[in-house]
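Asks: My structure is stored as input_20.cif, with mmCIF, C-alpha atoms.
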data_upload
#
loop_
_atom_site.label_atom_id
_atom_site.label_comp_id
_atom_site.auth_asym_id
_atom_site.auth_seq_id
_atom_site.Cartn_x
_atom_site.Cartn_y
_atom_site.Cartn_z
CA MET A 209 22.58 -10.22 -49.50
CA LEU A 210 20.89 -7.14 -48.14
CA MET A 211 19.01 -4.46 -50.04
CA ARG A 212 20.84 -1.13 -50.02
CA ALA A 213 19.17 2.15 -50.96
CA LYS A 214 22.27 3.34 -52.85
CA ASP A 215 22.22 0.18 -55.00
CA SER A 216 18.45 -0.22 -55.46
CA THR A 217 15.75 0.76 -57.91
CA LEU A 218 12.06 0.22 -57.21
CA LEU A 219 10.31 -1.30 -60.23
CA VAL A 220 6.51 -0.98 -60.35
CA ILE A 221 5.01 -3.30 -62.96
CA ASP A 222 1.64 -2.74 -64.65
CA LEU A 223 -0.61 -1.48 -61.86
CA GLN A 224 -3.24 -0.36 -64.33
CA GLU A 225 -6.79 0.82 -63.77
CA ARG A 226 -8.61 -1.73 -65.95
CA LEU A 227 -6.61 -4.70 -64.71
CA LEU A 228 -6.79 -3.98 -60.97
CA PRO A 229 -10.48 -4.90 -60.39
CA ALA A 230 -9.68 -8.42 -61.59
CA ILE A 231 -6.67 -8.81 -59.26
CA ASP A 232 -7.24 -10.72 -56.03
CA GLY A 233 -6.71 -8.06 -53.35
CA GLY A 234 -5.99 -5.43 -56.01
CA ALA A 235 -6.74 -2.47 -53.70
CA ALA A 236 -4.23 -3.79 -51.16
CA VAL A 237 -1.59 -4.27 -53.86
CA ILE A 238 -2.01 -0.62 -54.90
CA GLU A 239 -1.79 0.50 -51.27
CA GLN A 240 1.42 -1.46 -50.72
CA ALA A 241 2.99 -0.30 -53.99
CA SER A 242 2.15 3.33 -53.18
CA TRP A 243 3.77 2.91 -49.76
CA LEU A 244 6.91 1.56 -51.44
CA VAL A 245 6.99 4.42 -53.96
CA ARG A 246 6.71 7.04 -51.21
CA LEU A 247 9.40 5.27 -49.18
CA ALA A 248 11.72 5.02 -52.19
CA GLN A 249 11.30 8.68 -53.00
CA ARG A 250 11.99 9.72 -49.41
CA LEU A 251 15.18 7.63 -49.40
CA GLN A 252 16.20 8.81 -52.89
CA VAL A 253 15.80 5.41 -54.50
CA PRO A 254 14.91 5.71 -58.20
CA VAL A 255 11.46 4.50 -59.24
CA ILE A 256 10.66 2.99 -62.63
CA ALA A 257 7.10 2.01 -63.62
CA THR A 258 5.71 0.16 -66.62
CA GLU A 259 2.33 -0.03 -68.32
CA GLN A 260 1.40 -3.11 -70.35
CA TYR A 261 -0.49 -2.08 -73.48
CA PRO A 262 -2.30 0.89 -71.86
CA LYS A 263 -4.72 1.28 -74.80
CA GLY A 264 -6.28 -2.01 -73.73
CA LEU A 265 -5.57 -2.20 -69.99
CA GLY A 266 -5.77 1.48 -69.14
CA TYR A 267 -3.13 3.61 -67.53
CA THR A 268 -1.50 3.35 -64.11
CA GLU A 269 -4.02 3.72 -61.27
CA ALA A 270 -4.52 7.47 -60.77
CA GLY A 271 -3.37 7.80 -57.15
CA LEU A 272 -0.22 5.81 -57.85
CA HIS A 273 0.40 7.64 -61.12
CA GLU A 274 0.52 10.97 -59.24
CA LEU A 275 3.46 9.67 -57.20
CA LEU A 276 5.53 8.46 -60.15
CA PRO A 277 8.29 10.41 -61.88
CA GLY A 278 7.35 11.06 -65.52
CA GLU A 279 10.80 10.14 -66.82
CA GLY A 280 10.57 6.69 -65.24
CA LEU A 281 7.25 5.59 -66.76
CA ARG A 282 7.43 3.30 -69.79
CA GLU A 283 4.81 1.69 -71.97
CA LYS A 284 5.55 -1.89 -73.01
CA ILE A 285 4.13 -4.57 -75.23
CA HIS A 286 6.34 -7.49 -74.11
CA PHE A 287 5.31 -9.17 -70.89
CA SER A 288 8.86 -8.72 -69.57
CA ALA A 289 9.91 -5.15 -68.87
CA THR A 290 13.46 -6.17 -69.78
CA ALA A 291 12.47 -6.99 -73.37
CA GLY A 292 12.30 -4.02 -75.70
CA ALA A 293 11.27 -1.32 -73.21
CA GLY A 294 14.72 0.23 -72.64
CA LEU A 295 14.45 -0.49 -68.91
CA PHE A 296 18.18 -0.36 -68.26
CA ASP A 297 18.45 3.03 -70.00
CA LEU A 298 16.05 4.74 -67.58
CA PRO A 299 17.25 6.62 -64.47
CA GLY A 300 17.99 3.85 -61.97
CA GLY A 301 18.18 1.16 -64.65
CA GLU A 302 21.92 0.86 -64.16
CA ARG A 303 21.63 -0.17 -60.50
CA ARG A 304 22.43 -3.73 -59.44
CA GLN A 305 19.42 -4.31 -57.19
CA PHE A 306 15.76 -4.20 -58.22
CA VAL A 307 12.94 -4.24 -55.71
CA VAL A 308 9.85 -5.34 -57.63
CA CYS A 309 6.11 -4.93 -57.13
CA GLY A 310 3.09 -5.06 -59.44
CA THR A 311 0.88 -7.38 -61.48
CA GLU A 312 0.43 -10.04 -62.57
CA THR A 313 2.78 -12.05 -60.39
CA HIS A 314 2.83 -15.09 -62.66
CA VAL A 315 3.05 -13.19 -65.96
CA CYS A 316 4.68 -9.76 -66.26
CA VAL A 317 6.29 -9.76 -62.82
CA LEU A 318 7.66 -13.28 -63.32
CA GLN A 319 8.99 -12.66 -66.82
CA THR A 320 10.55 -9.34 -65.78
CA VAL A 321 12.21 -10.92 -62.76
CA MET A 322 13.62 -13.70 -64.95
CA GLY A 323 14.99 -11.05 -67.34
CA LEU A 324 16.54 -9.09 -64.47
CA LEU A 325 18.18 -12.22 -63.10
CA ALA A 326 19.48 -13.13 -66.57
CA ALA A 327 21.00 -9.64 -66.77
CA GLY A 328 22.89 -10.28 -63.53
CA ARG A 329 20.75 -8.13 -61.23
CA GLU A 330 19.86 -8.93 -57.63
CA VAL A 331 16.07 -9.10 -57.43
CA PHE A 332 13.76 -8.72 -54.44
CA VAL A 333 10.01 -9.28 -54.90
CA VAL A 334 7.74 -7.66 -52.30
CA ASP A 335 5.19 -10.33 -51.41
CA GLU A 336 2.31 -8.07 -50.30
CA ALA A 337 2.84 -5.69 -53.24
CA VAL A 338 2.37 -8.21 -56.07
CA GLY A 339 -0.89 -9.75 -57.23
CA SER A 340 -2.61 -12.02 -59.71
CA ARG A 341 -6.23 -12.74 -60.57
CA ARG A 342 -6.04 -16.07 -58.76
CA PRO A 343 -4.14 -16.68 -55.48
CA ARG A 344 -2.73 -19.97 -56.82
CA ASP A 345 -1.11 -18.17 -59.77
CA LYS A 346 0.48 -15.68 -57.37
CA ALA A 347 1.83 -18.49 -55.18
CA LEU A 348 3.23 -20.39 -58.16
CA GLY A 349 4.79 -17.22 -59.58
CA LEU A 350 6.49 -16.39 -56.28
CA ALA A 351 7.76 -19.95 -55.88
CA ARG A 352 9.16 -20.01 -59.40
CA MET A 353 10.91 -16.64 -58.97
CA GLU A 354 12.38 -17.73 -55.65
CA GLY A 355 13.60 -20.98 -57.20
CA ALA A 356 15.31 -18.98 -59.95
CA GLY A 357 17.19 -16.81 -57.44
CA ALA A 358 14.90 -13.88 -56.59
CA VAL A 359 14.42 -13.10 -52.90
CA ILE A 360 10.84 -12.79 -51.63
CA VAL A 361 10.61 -9.99 -49.05
CA SER A 362 8.11 -7.90 -47.10
CA ARG A 363 7.78 -4.14 -47.32
CA GLU A 364 9.25 -3.73 -43.83
CA MET A 365 12.32 -5.71 -44.87
CA VAL A 366 12.75 -3.20 -47.68
CA ALA A 367 12.37 -0.23 -45.32
CA PHE A 368 14.74 -1.44 -42.62
CA GLU A 369 17.40 -2.66 -45.05
CA TRP A 370 17.29 0.59 -47.01
CA LEU A 371 17.61 2.51 -43.71
CA GLU A 372 20.52 0.32 -42.48
CA ARG A 373 20.54 1.80 -38.96
CA ALA A 374 18.46 3.30 -36.17
CA GLY A 375 19.22 6.36 -34.10
CA THR A 376 19.11 8.91 -36.91
CA GLU A 377 16.56 11.60 -37.69
CA LEU A 378 15.80 9.82 -40.98
CA PHE A 379 15.11 6.57 -39.10
CA ARG A 380 12.77 8.39 -36.71
CA GLU A 381 10.96 10.05 -39.63
CA ILE A 382 10.52 6.78 -41.53
CA SER A 383 9.53 4.95 -38.36
CA ARG A 384 6.82 7.52 -37.58
CA GLY A 385 5.60 8.01 -41.14
CA PHE A 386 5.88 4.54 -42.63
CA ILE A 387 6.31 1.81 -40.02
CA ARG A 388 3.78 2.68 -37.29
#
Take the structure I supplied and represent it as structure tokens, if you would.
Replies:
Amino acid sequence: MLMRAKDSTLLVIDLQERLLPAIDGGAAVIEQASWLVRLAQRLQVPVIATEQYPKGLGYTEAGLHELLPGEGLREKIHFSATAGAGLFDLPGGERRQFVVCGTETHVCVLQTVMGLLAAGREVFVVDEAVGSRRPRDKALGLARMEGAGAVIVSREMVAFEWLERAGTELFREISRGFIR
């Protein structure tokens, strides 16, 4: 199965200011997630973002927060964004494909992905745009999600599958602005 822009929603999970310093490669995860958000917006893919208990973990990292649509940002208390946060009621929540990034891979990302799969969604987890405090937890989380039916992808896979074809002005723009 391929990712299609018209069928996809980008889901950004808990990239919060107080949690990020503890994440292995946290700055890179933010950079990759921001890249995905900008790409999604350019290709008119809805973006939903969550914040896990922001009173304790802080709010979404400031640079990323500036990119996010206000109507797609939800606070949550459950580890899974599919439990109690009204995820499927948000703009883009009705789509069949979810491209997922965020933290922590083995906790909130994992539990959300399991909830999405249980709800019958196709789920793609962007390897370089997820993180955990410990690399082993990230690896175990990715392996478990893949075993459950999620597809582990790279950001370029997302870009090229959302684009579908070369030879267009949009392809040239994305190639110059995002791929090179």
Asks: Determine the residue set returned by the PyMOL selection byres ((chain A and resi 364) around 12) for the present structure, and present it as a PyMOL selection string.
Replies: chain A and resi 211+240+243-244+247+334-337+361-363+365-371+382-383+386-388
Asks: Quick one: residues within 12 Å of Gly271 in chain A, all atoms listed in the file, excluding same-chain residues fewer than 2 positions away - as JSON, numbers by chain?
Replies: {"A": [223, 224, 225, 235, 238, 239, 241, 242, 243, 245, 246, 267, 268, 269, 273, 274, 275, 276]}
Asks: So the first atom is CA of Glu330 in chain A and the second is CA of Ala358 in chain A; what is the distance between them in Å, to one decimal place?
Replies: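 That distance, rounded to one decimal, is 7.1 Å.
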Asks: Name all residues at most 7 Å from range 289-304 of chain A (count all atoms listed in the file; drop same-chain ones fewer than 5 positions away) and give them as a list of chain:residue names.
Replies: A:Asp215, A:Ser216, A:Thr217, A:Pro254, A:Gly280, A:Arg282, A:Lys284, A:Thr320, A:Gly323, A:Leu324, A:Arg329, A:Glu330
Asks: Tell me which protein, DNA and RNA residues are within 12 Å of Glu312 in chain A, counting only C-alpha atoms, leaving out same-chain ones fewer than 5 positions away, and put them as a PyMOL selection string.
Replies: chain A and resi 220-224+227-228+230-234+237+259-260+287-288+317-321+337-350
Asks: Enter the distance from CA of Tyr261 in chain A to CA of Val359 in chain A, in Å, rounded to one decimal.
Replies: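 One can read the CA of Tyr261 in chain A to CA of Val359 in chain A distance as 27.7 Å.
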Asks: Please indicate the distance in Å from CA of Val333 in chain A to CA of Val308 in chain A, rounded to one decimal place.
Replies: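 It comes out at 4.8 Å.
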Asks: Select, from A:Arg212, A:Ala326, A:Thr313, A:Ile360, the residue with the minimum atom-to-atom distance to Glu372 in chain A, counting only C-alpha atoms.
Replies: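 With only C-alpha atoms as the atom set, the closest residue is A:Arg212.
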Asks: As lines of an AutoDock Vina configuration file, please report the centre and edge lengths, rounded to one decimal in Å, of the axis-aligned box that holds all listed atoms of range 314-319 of chain A with 5 Å of padding on each of the six sides.
Replies:
center_x = 5.9
center_y = -12.4
center_z = -64.7
size_x = 16.2
size_y = 15.3
size_z = 14.2
Asks: Check the smallest atom-to-atom distance from each of A:Val331, A:Val307, A:Met353, A:Leu210 to Val253 in chain A using all atoms listed in the file, then report the winner.
Replies: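 Of A:Val331, A:Val307, A:Met353, A:Leu210, the one nearest Val253 in chain A is A:Val307, counting all atoms listed in the file.
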Asks: Using all atoms listed in the file, determine which residues lie at most 9 Å from Gln252 in chain A, disregarding the query and same-chain residues fewer than 4 positions distant; provide the list as a PyMOL selection string.
Replies: chain A and resi 213-214+247-248
